[in-house]
Each structure stands twice: as C-alpha cells, then as structure tokens.
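*Asks:* target-v5.pdb is reproduced in full below (PDB, C-alpha atoms and all ligand atoms).
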```pdb
ATOM      1  CA  MET F   1      78.190  82.187 110.750
ATOM      2  CA  ALA F   2      75.564  84.887 110.921
ATOM      3  CA  VAL F   3      76.065  88.521 111.807
ATOM      4  CA  ILE F   4      72.897  90.374 112.669
ATOM      5  CA  GLY F   5      73.213  94.074 111.904
ATOM      6  CA  GLY F   6      74.675  95.950 108.960
ATOM      7  CA  GLY F   7      76.045  98.984 110.767
ATOM      8  CA  ASN F   8      79.753  99.616 111.259
ATOM      9  CA  SER F   9      80.134  97.136 114.120
ATOM     10  CA  GLY F  10      78.259  94.418 112.221
ATOM     11  CA  ILE F  11      80.273  94.832 109.049
ATOM     12  CA  GLU F  12      83.561  94.991 110.977
ATOM     13  CA  ALA F  13      82.568  91.724 112.686
ATOM     14  CA  ALA F  14      81.604  90.125 109.363
ATOM     15  CA  ILE F  15      84.960  91.088 107.807
ATOM     16  CA  ASP F  16      86.784  89.643 110.839
ATOM     17  CA  LEU F  17      84.742  86.444 110.803
ATOM     18  CA  ALA F  18      85.156  85.926 107.071
ATOM     19  CA  GLY F  19      88.846  85.326 107.770
ATOM     20  CA  ILE F  20      88.129  82.325 110.008
ATOM     21  CA  ALA F  21      84.653  81.039 109.088
ATOM     22  CA  SER F  22      83.827  79.165 105.892
ATOM     23  CA  HIS F  23      80.892  81.465 105.205
ATOM     24  CA  VAL F  24      79.355  84.557 106.784
ATOM     25  CA  THR F  25      75.834  85.852 106.201
ATOM     26  CA  VAL F  26      74.945  89.385 107.248
ATOM     27  CA  PHE F  27      71.298  90.014 108.157
ATOM     28  CA  GLU F  28      70.259  93.667 107.852
ATOM     29  CA  PHE F  29      66.772  94.829 108.847
ATOM     30  CA  MET F  30      66.767  97.913 106.629
ATOM     31  CA  PRO F  31      66.819  97.909 102.791
ATOM     32  CA  GLU F  32      70.443  99.167 102.829
ATOM     33  CA  LEU F  33      73.500  98.624 104.993
ATOM     34  CA  LYS F  34      74.283 101.526 107.307
ATOM     35  CA  ALA F  35      78.017 100.861 107.559
ATOM     36  CA  ASP F  36      80.581 103.273 106.118
ATOM     37  CA  ALA F  37      81.120 102.891 102.369
ATOM     38  CA  ILE F  38      84.752 101.845 102.843
ATOM     39  CA  LEU F  39      83.690  98.937 105.073
ATOM     40  CA  GLN F  40      80.986  97.886 102.623
ATOM     41  CA  LYS F  41      83.496  97.933  99.788
ATOM     42  CA  ARG F  42      85.825  95.656 101.752
ATOM     43  CA  LEU F  43      82.929  93.369 102.700
ATOM     44  CA  TYR F  44      81.680  92.972  99.151
ATOM     45  CA  SER F  45      85.222  92.140  98.007
ATOM     46  CA  LEU F  46      85.175  88.983 100.146
ATOM     47  CA  PRO F  47      84.175  85.766  98.375
ATOM     48  CA  ASN F  48      82.611  84.027 101.371
ATOM     49  CA  VAL F  49      80.132  86.672 102.520
ATOM     50  CA  THR F  50      76.437  86.985 101.686
ATOM     51  CA  VAL F  51      74.430  90.061 102.607
ATOM     52  CA  LEU F  52      70.686  89.740 103.154
ATOM     53  CA  LYS F  53      68.951  93.121 103.358
ATOM     54  CA  ASN F  54      65.418  94.014 104.378
ATOM     55  CA  VAL F  55      65.148  90.874 106.500
ATOM     56  CA  GLN F  56      63.926  90.442 110.047
ATOM     57  CA  THR F  57      65.530  87.758 112.174
ATOM     58  CA  LYS F  58      62.826  85.865 114.044
ATOM     59  CA  GLU F  59      64.501  83.070 115.967
ATOM     60  CA  ILE F  60      67.886  81.544 116.726
ATOM     61  CA  THR F  61      67.379  77.784 116.829
ATOM     62  CA  GLY F  62      69.250  74.945 118.508
ATOM     63  CA  THR F  63      69.155  72.810 121.621
ATOM     64  CA  GLU F  64      72.588  72.591 123.217
ATOM     65  CA  LYS F  65      74.236  74.549 120.438
ATOM     66  CA  VAL F  66      73.080  77.069 117.866
ATOM     67  CA  ASN F  67      72.098  75.280 114.668
ATOM     68  CA  GLY F  68      70.288  77.873 112.628
ATOM     69  CA  ILE F  69      68.392  81.072 112.260
ATOM     70  CA  THR F  70      64.869  81.806 111.131
ATOM     71  CA  TYR F  71      64.289  85.065 109.292
ATOM     72  CA  MET F  72      61.593  86.821 107.313
ATOM     73  CA  GLU F  73      61.893  88.782 104.084
ATOM     74  CA  ARG F  74      60.155  91.976 105.129
ATOM     75  CA  GLU F  75      58.766  92.842 101.712
ATOM     76  CA  SER F  76      57.178  89.496 100.856
ATOM     77  CA  GLY F  77      56.688  88.158 104.367
ATOM     78  CA  ALA F  78      58.326  84.884 103.297
ATOM     79  CA  VAL F  79      59.926  83.035 106.206
ATOM     80  CA  HIS F  80      63.131  81.035 105.747
ATOM     81  CA  HIS F  81      65.434  78.950 107.883
ATOM     82  CA  MET F  82      69.206  78.859 107.425
ATOM     83  CA  ASP F  83      71.469  76.217 108.959
ATOM     84  CA  LEU F  84      74.573  77.668 110.588
ATOM     85  CA  GLN F  85      76.849  77.281 113.583
ATOM     86  CA  GLY F  86      77.094  80.676 115.208
ATOM     87  CA  VAL F  87      75.325  84.016 115.512
ATOM     88  CA  PHE F  88      76.871  87.367 116.362
ATOM     89  CA  VAL F  89      74.347  90.051 117.300
ATOM     90  CA  GLN F  90      75.816  93.431 116.381
ATOM     91  CA  ILE F  91      72.837  95.742 116.445
ATOM     92  CA  GLY F  92      74.393  98.350 118.639
ATOM     93  CA  LEU F  93      74.179  99.298 122.283
ATOM     94  CA  ILE F  94      72.752 102.381 123.932
ATOM     95  CA  ALA F  95      74.605 103.979 126.840
ATOM     96  CA  ASN F  96      72.370 103.980 129.930
ATOM     97  CA  THR F  97      73.003 107.621 130.744
ATOM     98  CA  ASP F  98      69.601 109.301 130.440
ATOM     99  CA  TRP F  99      69.419 109.666 134.204
ATOM    100  CA  LEU F 100      72.215 112.244 133.965
ATOM    101  CA  GLY F 101      69.878 114.666 132.225
ATOM    102  CA  GLU F 102      71.634 117.933 131.434
ATOM    103  CA  THR F 103      74.111 117.700 134.311
ATOM    104  CA  ILE F 104      76.942 116.318 132.217
ATOM    105  CA  GLU F 105      77.679 116.876 128.556
ATOM    106  CA  ARG F 106      76.884 113.890 126.350
ATOM    107  CA  ASN F 107      77.126 113.348 122.611
ATOM    108  CA  ARG F 108      74.214 112.711 120.244
ATOM    109  CA  ILE F 109      74.148 109.012 121.100
ATOM    110  CA  GLY F 110      74.188 109.574 124.836
ATOM    111  CA  GLU F 111      77.831 108.817 125.518
ATOM    112  CA  ILE F 112      79.455 110.921 128.238
ATOM    113  CA  ILE F 113      82.076 113.210 126.733
ATOM    114  CA  VAL F 114      85.407 112.914 128.558
ATOM    115  CA  ASP F 115      88.814 114.442 128.006
ATOM    116  CA  ASN F 116      92.108 112.544 128.043
ATOM    117  CA  ARG F 117      92.026 112.562 131.862
ATOM    118  CA  ASN F 118      88.513 111.118 131.955
ATOM    119  CA  ALA F 119      87.111 114.396 133.239
ATOM    120  CA  THR F 120      83.507 115.204 132.303
ATOM    121  CA  SER F 121      82.067 118.676 131.752
ATOM    122  CA  LEU F 122      81.186 118.823 135.477
ATOM    123  CA  PRO F 123      84.250 119.559 137.645
ATOM    124  CA  GLY F 124      85.014 116.705 140.043
ATOM    125  CA  VAL F 125      83.020 114.140 138.053
ATOM    126  CA  PHE F 126      84.936 111.560 136.036
ATOM    127  CA  ALA F 127      83.678 108.809 133.757
ATOM    128  CA  ALA F 128      85.080 105.626 132.276
ATOM    129  CA  GLY F 129      84.149 102.680 130.100
ATOM    130  CA  ASP F 130      81.567 102.000 127.452
ATOM    131  CA  CYS F 131      79.263 104.805 128.628
ATOM    132  CA  THR F 132      81.858 107.370 127.520
ATOM    133  CA  ASP F 133      82.742 108.526 124.016
ATOM    134  CA  SER F 134      85.827 106.288 123.932
ATOM    135  CA  ALA F 135      86.577 105.001 120.460
ATOM    136  CA  TYR F 136      86.645 101.291 121.285
ATOM    137  CA  LYS F 137      84.299  99.310 123.509
ATOM    138  CA  GLN F 138      86.523  96.610 124.942
ATOM    139  CA  ILE F 139      87.235  95.296 128.438
ATOM    140  CA  VAL F 140      90.869  96.368 128.480
ATOM    141  CA  ILE F 141      89.896  99.890 127.337
ATOM    142  CA  ALA F 142      87.194 100.153 130.010
ATOM    143  CA  MET F 143      89.619  98.974 132.696
ATOM    144  CA  GLY F 144      92.324 101.386 131.574
ATOM    145  CA  SER F 145      89.923 104.302 131.545
ATOM    146  CA  GLY F 146      88.635 103.226 134.967
ATOM    147  CA  ALA F 147      92.168 103.486 136.300
ATOM    148  CA  GLY F 148      92.532 106.867 134.589
ATOM    149  CA  ALA F 149      89.279 108.138 136.109
ATOM    150  CA  ALA F 150      90.318 106.958 139.580
ATOM    151  CA  LEU F 151      93.714 108.665 139.318
ATOM    152  CA  SER F 152      92.092 111.863 138.071
ATOM    153  CA  ALA F 153      89.570 111.794 140.917
ATOM    154  CA  PHE F 154      92.411 111.370 143.412
ATOM    155  CA  ASP F 155      94.307 114.228 141.791
ATOM    156  CA  TYR F 156      91.190 116.412 141.917
ATOM    157  CA  LEU F 157      90.660 115.687 145.619
ATOM    158  CA  ILE F 158      94.199 116.537 146.694
ATOM    159  CA  ARG F 159      94.028 119.836 144.789
ATOM    160  CA  ASN F 160      90.577 120.846 145.993
TER     161      ASN F 160
HETATM  162  C1  LIG M 201      78.041  90.348 123.455
HETATM  163  C2  LIG M 201      79.277  91.107 123.851
HETATM  164  C3  LIG M 201      80.516  90.528 123.685
HETATM  165  C4  LIG M 201      81.672  91.210 124.046
HETATM  166  N1  LIG M 201      82.878  90.599 123.876
HETATM  167  C5  LIG M 201      83.994  91.233 124.270
HETATM  168  C6  LIG M 201      85.262  90.580 124.167
HETATM  169  O1  LIG M 201      85.375  89.434 123.729
HETATM  170  N2  LIG M 201      86.361  91.275 124.567
HETATM  171  C7  LIG M 201      86.296  92.535 125.068
HETATM  172  O2  LIG M 201      87.327  93.099 125.436
HETATM  173  N3  LIG M 201      85.105  93.173 125.173
HETATM  174  C8  LIG M 201      83.961  92.543 124.792
HETATM  175  N4  LIG M 201      82.742  93.197 124.912
HETATM  176  C9  LIG M 201      82.726  94.579 125.407
HETATM  177  C10 LIG M 201      82.871  94.624 126.933
HETATM  178  O3  LIG M 201      81.850  93.805 127.499
HETATM  179  C11 LIG M 201      82.707  96.062 127.408
HETATM  180  O4  LIG M 201      83.609  96.908 126.720
HETATM  181  C12 LIG M 201      82.961  96.191 128.893
HETATM  182  O5  LIG M 201      82.123  95.314 129.606
HETATM  183  C13 LIG M 201      82.687  97.628 129.328
HETATM  184  O6  LIG M 201      82.822  97.705 130.712
HETATM  185  P1  LIG M 201      82.066  98.840 131.511
HETATM  186  O7  LIG M 201      82.418  98.623 132.951
HETATM  187  O8  LIG M 201      82.346 100.168 130.913
HETATM  188  O9  LIG M 201      80.511  98.601 131.249
HETATM  189  P2  LIG M 201      79.600  97.348 131.616
HETATM  190  O10 LIG M 201      80.394  96.078 131.685
HETATM  191  O11 LIG M 201      78.437  97.449 130.703
HETATM  192  O12 LIG M 201      79.166  97.658 133.103
HETATM  193  C14 LIG M 201      78.260  98.695 133.406
HETATM  194  C15 LIG M 201      77.527  98.279 134.679
HETATM  195  O13 LIG M 201      76.764  99.379 135.137
HETATM  196  C16 LIG M 201      75.496  98.918 135.515
HETATM  197  N5  LIG M 201      74.579 100.057 135.397
HETATM  198  C17 LIG M 201      74.023 100.583 134.301
HETATM  199  N6  LIG M 201      73.239 101.628 134.630
HETATM  200  C18 LIG M 201      73.330 101.779 135.964
HETATM  201  C19 LIG M 201      72.753 102.691 136.885
HETATM  202  N7  LIG M 201      71.951 103.685 136.510
HETATM  203  N8  LIG M 201      73.059 102.539 138.188
HETATM  204  C20 LIG M 201      73.899 101.546 138.586
HETATM  205  N9  LIG M 201      74.468 100.661 137.766
HETATM  206  C21 LIG M 201      74.191 100.781 136.464
HETATM  207  C22 LIG M 201      75.193  97.795 134.548
HETATM  208  O14 LIG M 201      74.206  96.937 135.086
HETATM  209  C23 LIG M 201      76.560  97.127 134.452
HETATM  210  O15 LIG M 201      76.759  96.165 135.453
HETATM  211  C24 LIG M 201      81.574  92.517 124.567
HETATM  212  C25 LIG M 201      80.321  93.098 124.747
HETATM  213  C26 LIG M 201      79.174  92.414 124.382
HETATM  214  C27 LIG M 201      77.835  93.064 124.601
END
```
Once you've parsed the file, please lay out its structure as structure tokens.
Ligand SMILES: Cc1cc2nc3c(=O)[nH]c(=O)nc-3n(C[C@H](O)[C@H](O)[C@H](O)COP(=O)(O)OP(=O)(O)OC[C@H]3O[C@@H](n4cnc5c(N)ncnc54)[C@H](O)[C@@H]3O)c2cc1C
*Replies:*
Amino acid sequence: MAVIGGGNSGIEAAIDLAGIASHVTVFEFMPELKADAILQKRLYSLPNVTVLKNVQTKEITGTEKVNGITYMERESGAVHHMDLQGVFVQIGLIANTDWLGETIERNRIGEIIVDNRNATSLPGVFAAGDCTDSAYKQIVIAMGSGAGAALSAFDYLIRN
C-alpha cells in the first residue's frame, strides 16, 4: 500500500493500514514529515512501514486495478516505479469557504468556526460538515452536525 502525504492525516492512515496491509510506504514531498512527533514515533516503531521523503509522486499505474506508483526523488531527479496494490491520497483538503469573505469567522485554514449548536459568528447562520472546524471529517459526523444545524436554525426562527 502507498500513502501519499506525511501530514497528520497521512501518518494516521499509514498507522491504520500497517495493521492490515503487508507493507505500507509513505511518500512525502517535503524533506521531512509534517505530522506530529507522537504520530511519527508510532509510525517508525512499526516494522512494515517505509517512509520516502523528498519524493514527488508522478503517476499511479494500472489498467483495471492499481498496480504501482511512479515517483521521482526530488534531489537527484531519479525516477522509480514501485509495484503495489493500493494508493491512499492524504494530502489534505481545503474548505471551499473563501466566498464568505469576512462575513463569518473562520480559522486559519478557512474552516467555519461553529459552537456546539452549529451557530456561526453571524446570528441566524449555521454551518455543518467538513467546511466547519469539527475535529473529524467523516460522513456520520457531517450528517450529525447537519441535523444539529437544522435544529438550531428552527430554534432560531421560532425565537426571532
Ligand atoms: C477520498 C475520500 C474518502 C473518504 N472516505 C470516507 C469514509 O470511508 N467514511 C467516512 O465517513 N468519510 C469519508 N470521507 C469523508 C467524507 O466524504 C466527508 O466527511 C463528508 O462527505 C462531508 O460531508 P459534507 O456534506 O460536509 O461535505 P461534502 O460531501 O464535501 O459536500 C459539500 C458539497 O458542497 C458543494 N459545494 C462546495 N462549494 C459550494 C458552493 N460555493 N456552492 C454550492 N455548493 C458548493 C460541493 O460540490 C459538495 O457537493 C472521505 C473523503 C474523501 C475525500
């Protein structure tokens, strides 16, 4: 298995996958991993994980199924191909919230800041899902927060 990305989400995925895959290779573009030290420590304690740093992934190969990955060592420019059976791209997502401008408070990575009732900094506006500063980006979390936002909106309307 390959995990592309050495940030927190990539290293968490690699640790998870190492429990079920025979081998996991992490491909990190930068010379160092960006994940928290505690995650790196756990990762490096695993016997079936290889970390490749300063590499640029060029191509995922395969016809009906993934069969490999082509990558380049950024310093030397040398291109290699590795046979494998699966690729997990964990290079991070950016919340599509720029259109909000200054109307609603967002954090440094653009996520909408909500309270425990899904209220934003603008009265009467509620937010839910991955675009908010919720801790986990999962379907069940997004759905739960959607229900919370809808209930809060209803509550707001009957009081105003
Ligand atoms: C590769 C991958 C694998 C995943 N696997 C899992 C998994 O196995 N299990 C799990 O629980 N979660 C998984 N997730 C996470 C899950 O997909 C998200 O947590 C969930 O989809 C978030 O739902 P959402 O409604 O908040 O956002 P989204 O599903 O991203 O929906 C947002 C919608 O808003 C639209 N949109 C964006 N900007 C605008 C705009 N300006 N105007 C109008 N519409 C707009 C988008 O087109 C999109 O349709 C995975 C995510 C990825 C990327």
*Asks:* Find the residues near region 71-86 of chain F: any atom within 8 Å, counting only C-alpha atoms, skip ones fewer than 3 places away on the same chain, and give them as a PyMOL selection string.
*Replies:* chain F and resi 1-2+54-59+65-68
*Asks:* Could you give me the residues within 10 Å of ligand LIG 201 (chain M), counting only C-alpha atoms and all ligand atoms, as a compact mmCIF listing (two decimals) with C-alpha atoms, in the coordinates of the input?
*Replies:*
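Just written: result_33.txt:
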```
# COMPACT_ATOMS: atom_id res chain seq x y z
CA PHE F 88 76.87 87.37 116.36
CA VAL F 89 74.35 90.05 117.30
CA GLN F 90 75.82 93.43 116.38
CA ILE F 91 72.84 95.74 116.44
CA GLY F 92 74.39 98.35 118.64
CA LEU F 93 74.18 99.30 122.28
CA ALA F 95 74.60 103.98 126.84
CA ASN F 96 72.37 103.98 129.93
CA THR F 97 73.00 107.62 130.74
CA ASP F 98 69.60 109.30 130.44
CA TRP F 99 69.42 109.67 134.20
CA LEU F 100 72.22 112.24 133.96
CA ALA F 127 83.68 108.81 133.76
CA ALA F 128 85.08 105.63 132.28
CA GLY F 129 84.15 102.68 130.10
CA ASP F 130 81.57 102.00 127.45
CA CYS F 131 79.26 104.80 128.63
CA THR F 132 81.86 107.37 127.52
CA SER F 134 85.83 106.29 123.93
CA TYR F 136 86.64 101.29 121.28
CA LYS F 137 84.30 99.31 123.51
CA GLN F 138 86.52 96.61 124.94
CA ILE F 139 87.24 95.30 128.44
CA VAL F 140 90.87 96.37 128.48
CA ILE F 141 89.90 99.89 127.34
CA ALA F 142 87.19 100.15 130.01
CA MET F 143 89.62 98.97 132.70
CA SER F 145 89.92 104.30 131.54
CA GLY F 146 88.64 103.23 134.97
```
*Asks:* Name the residues that the PyMOL selection byres (((chain F and resi 31) around 9) and not hetatm) pulls out of this structure, and write them as a PyMOL selection string.
*Replies:* chain F and resi 28-30+32-33+53-55
*Asks:* As a ChimeraX atom specification, please: the residues near Gly148 (chain F) (cut-off 7 Å, all atoms listed in the file, same-chain neighbours under 3 positions excluded).
*Replies:* /F:117-118,144-145,151-152
*Asks:* Under the rule that all atoms listed in the file are counted, which of F:Leu52, F:Val87, F:Ala13, F:Leu39 is the nearest residue to Val26 (chain F)?
*Replies:* F:Leu52
